[in-house]
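**Student:** I have a structure here, written as structure tokens, and I will follow up with some questions on it.
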Protein chains: 2
Amino acid sequence: MSRLLTLAGAQMGPTQRADSRAQTLARLVALLEQAAARGAKLVVFPELAFTTFFPRWPMDREAPELLASFETAMPNPQVQPLFDRARELGVGFYIGYAELTPDGHRFNSAITVGPDGQILFKYRKIHLPGSDHVKDGQKYQQLEKMYFEYGDMGFPVARGPEAWGRPVLGMLVCNDRRWPEGWRCLGLQGVELVMVGYNSAAYDPNGGEGESEQLRTFHSILAAQSNAYMNATWAIAVAKAGVEDGAGLIGGSCIVDPNGVVVAQAQTTADEVIVAEIDLDACRQGKEKMFNFAQHRRPQWYGRIVDQVGAEPPA
Amino acid sequence: MSRLLTLAGAQMGPTQRADSRAQTLARLVALLEQAAARGAKLVVFPELAFTTFFPRWPMDREAPELLASFETAMPNPQVQPLFDRARELGVGFYIGYAELTPDGHRFNSAITVGPDGQILFKYRKIHLPGSDHVKDGQKYQQLEKMYFEYGDMGFPVARGPEAWGRPVLGMLVCNDRRWPEGWRCLGLQGVELVMVGYNSAAYDPNGGEGESEQLRTFHSILAAQSNAYMNATWAIAVAKAGVEDGAGLIGGSCIVDPNGVVVAQAQTTADEVIVAEIDLDACRQGKEKMFNFAQHRRPQWYGRIVDQVGAEPPA
């Protein structure tokens, strides 16, 4: 049996702090149209796709520029043209955005929208990296722990529509992809496609030592490959890439099969669409044999994973 | 700072069912001596290193051949020459073996022996693959679930001796390496070196369809790379390889750094020693930043990992 879905990743090049929301929305629509023209029925955009990666800048909590980076409803008039164009094309999408709830909570969120323009489900990023306070003397910050609350929805899944083959869909956001716990919570719900958007530093923008861009890109792809394999699921990870406000972001957007094999990969750090026709039934072999969880998992020995937070080395 | 340890993997070519224990022990000693001659202070041997991979053969529970494949004490006169030679050389080792306890329990176990010849710690394989009964009409079986009980010791760690830089050591056996839960339980104890021995099929010996040998070797290395990276630990995975009793086993023995980068890899499916000088302090960057568990893990959302065994897809 086969359940085929043509899937696209819409990698974005950089979005500068000075870029208007209208400019960025036009790029998103253009990427959507390119993906649709190549047959895609589901398009994955990056994390925080409507703006620059604003957590690099210290701002007051009520600063107009910061508030303007958040969506107070989804959709809303600023993003409606993307929803409209997607519905016209019969294409669904995953997109990451900064969410400000009516009661004042702030999350680094992602939604998946069906081909009918309706939101299928939402996820709020659980593994926030960075700092909860501004670090003195650093031009560039990473303030996700200050600007956002930790996600409060767990790791939900949803069934996609008939037009996609009714796959079990899961979402992660950026740093989540490095944490096998999140993938496993999705795997335990039978996930067949995990979608991830990300903004990941290509180097230390403050000039400190650190891993090379090549190594960081390897890490990003390795996390997608291995967690796809170990959960017998397809995965797609999509970057905002390139030099944004003077700080570099890795590319490396990729589509990975349930064997952990990369079947499509971006070659640039600019706006770039990657496409693959994926067979959702390719998950079955892994789910029924090597990673048949019911047969092989031994949760009575996994207690540390939930009983402790940090590492506790022996004396 | 650096804490340097010269580490070796002693990949074994096949051990045929007809090979005598003395023959196999002589090979183990020869591999140990090669590793020591290249400076190794710690040598990792495969899973079930003293025998052929006997779970491929159906035998009665009390059959003399089966019982002869188990160790009733460790060390014992049959394996003592390996212990003696290692102590003479001042080298420690990890080795996998079939354990029969005084009260009749059977496990697929591994021990780590210090340079003083004393057993540092033991592990009993938790993720047993295969079947708990003989499958009719198959020449080759995979009877680990029939021949062994599930490990009952959890995922222990131990500090190595001063001569090794006092690393936090963990052990896994074969199929365990594909299960991120086991790695994470070690990571949560601050593990700095995970040692794994394995016997993994290169193809379906009964002639069914299945993954290629190349893909299976990729999976084996991918699991070591990614779980080393996500736990900021060194890892070494060592095969028994080649065509054993007509059934093929993959090679691909490797040493992986805390970035998930392979630093040494076997090139054959025969007896072959791989060596690397590893810096245990290279784990620190990952443990203090990207994978600083205390800062970034959110166990309140990981409940499914322990609360359910099998996958539970949505309706």
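Residue numbering restarts at 1 for every chain of the structure tokens, chains are lettered A, B, ... in their displayed order, and ligands are numbered from 1 as they appear.
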Using only C-alpha atoms and a cut-off of 8 Å, which residues of chain A sit close to chain B? Please list them as a PyMOL selection string.

**Tutor:** chain A and resi 126-129+154-155+157-159+168+178-182+184-185+187-191+219+222-223+225-226+229-230+259-260+290+292-314

**Student:** Using backbone DSSP assignments, extract all helix (DSSP H, G or I) residues from region 96-276 of chain A; output them as a ChimeraX atom specification.

**Tutor:** /A:144-147,162-164,174-178,180-187,213-230

**Student:** Taking 3 positions as the minimum chain separation for residues in the same chain, which residues sit within 7 Å of Thr72 (chain A) when counting only C-alpha atoms? Answer as a ChimeraX atom specification.

**Tutor:** /A:99-102

**Student:** Rounded to one decimal in Å, what is the spacing between CA of Ser253 (chain B) and CA of Glu47 (chain B)?

**Tutor:** 12.1 Å

**Student:** Suppose you want the space between CA of Tyr97 (chain A) and CA of Ile278 (chain A); what is it in Å?

**Tutor:**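 Between CA of Tyr97 (chain A) and CA of Ile278 (chain A) the gap works out to 26.1 Å.
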
**Student:** So the first atom is CA of Val113 (chain B) and the second is CA of Ala37 (chain B); what is the distance between them in Å, to one decimal place?

**Tutor:**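 Separation between CA of Val113 (chain B) and CA of Ala37 (chain B): 18.5 Å.
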
**Student:** So, with only C-alpha atoms as the atoms that count, which of B:Ala68, B:Val173, B:Leu120, B:Val44 lies closest to Gly9 (chain B)?

**Tutor:** B:Val44

**Student:** Check the DSSP output for the backbone and give back, as a count of residues only, the residues of region 6-204 of chain A in strand (DSSP E).

**Tutor:** 49

**Student:** Tell me which protein, DNA and RNA residues are within 7 Å of region 53-59 of chain A, counting only C-alpha atoms, leaving out same-chain ones fewer than 5 positions away, and put them as a list in words.

**Tutor:**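 Non-adjacent residues within range: Leu48, Leu66, Val134, Tyr140, Gln141, Gln142, Leu143 and Glu144 of chain A.
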
**Student:** Could you give me, as a list in words, the residues within 7 Å of Met171 (chain B), counting only C-alpha atoms and dropping anything in the same chain fewer than 2 positions from it?

**Tutor:** Tyr123, Leu169, Val173, Val194, Met195 and Val196 of chain B

**Student:** For the residues in that selection, give me C-alpha atoms as a compact mmCIF listing (two decimals), in the first residue's frame.

**Tutor:**
```
# COMPACT_ATOMS: atom_id res chain seq x y z
CA TYR B 123 24.74 -4.31 32.94
CA LEU B 169 30.96 5.16 32.25
CA VAL B 173 24.10 -3.93 24.66
CA VAL B 194 28.85 4.91 26.57
CA MET B 195 30.14 1.49 25.52
CA VAL B 196 28.06 -0.81 23.32
```

**Student:** Looking at only C-alpha atoms, which of B:Glu272, B:Glu277, B:Asp136, B:Glu209 is the one that sits closest to Arg27 (chain B)?

**Tutor:**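 Looking at the shortest contact to Arg27 (chain B), the residue is B:Glu272.
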
**Student:** Which residues, written as a PyMOL selection string, have at least one atom at most 6 Å from Leu42 (chain A), with only C-alpha atoms counted and residues fewer than 4 positions away on the same chain left out?

**Tutor:** chain A and resi 7+91-93

**Student:** Would you export the selected residues with N, CA, C and O atoms as a short mmCIF file (atom, residue, chain, number, x, y, z; two decimals), in the first residue's frame, please?

**Tutor:**
```cif
data_model
loop_
_atom_site.label_atom_id
_atom_site.label_comp_id
_atom_site.auth_asym_id
_atom_site.auth_seq_id
_atom_site.Cartn_x
_atom_site.Cartn_y
_atom_site.Cartn_z
N LEU A 7 5.17 16.92 -0.30
CA LEU A 7 5.50 17.76 0.85
C LEU A 7 6.59 18.74 0.44
O LEU A 7 7.52 18.38 -0.28
N VAL A 91 -3.74 24.14 -0.68
CA VAL A 91 -2.50 23.73 -0.02
C VAL A 91 -2.62 24.06 1.46
O VAL A 91 -3.12 25.12 1.84
N GLY A 92 -2.15 23.17 2.31
CA GLY A 92 -2.05 23.46 3.73
C GLY A 92 -0.63 23.87 4.10
O GLY A 92 0.30 23.75 3.29
N PHE A 93 -0.44 24.32 5.33
CA PHE A 93 0.91 24.73 5.74
C PHE A 93 1.08 24.67 7.26
O PHE A 93 0.12 24.74 8.02
#
```

**Student:** Would you pick out the contacts of Thr269 (chain B) at 7 Å or less, using only C-alpha atoms, so that residues sharing its chain but fewer than 6 positions from it are not included, and give the list as a VMD selection string?

**Tutor:** chain B and resid 13 241 to 242 250 to 251
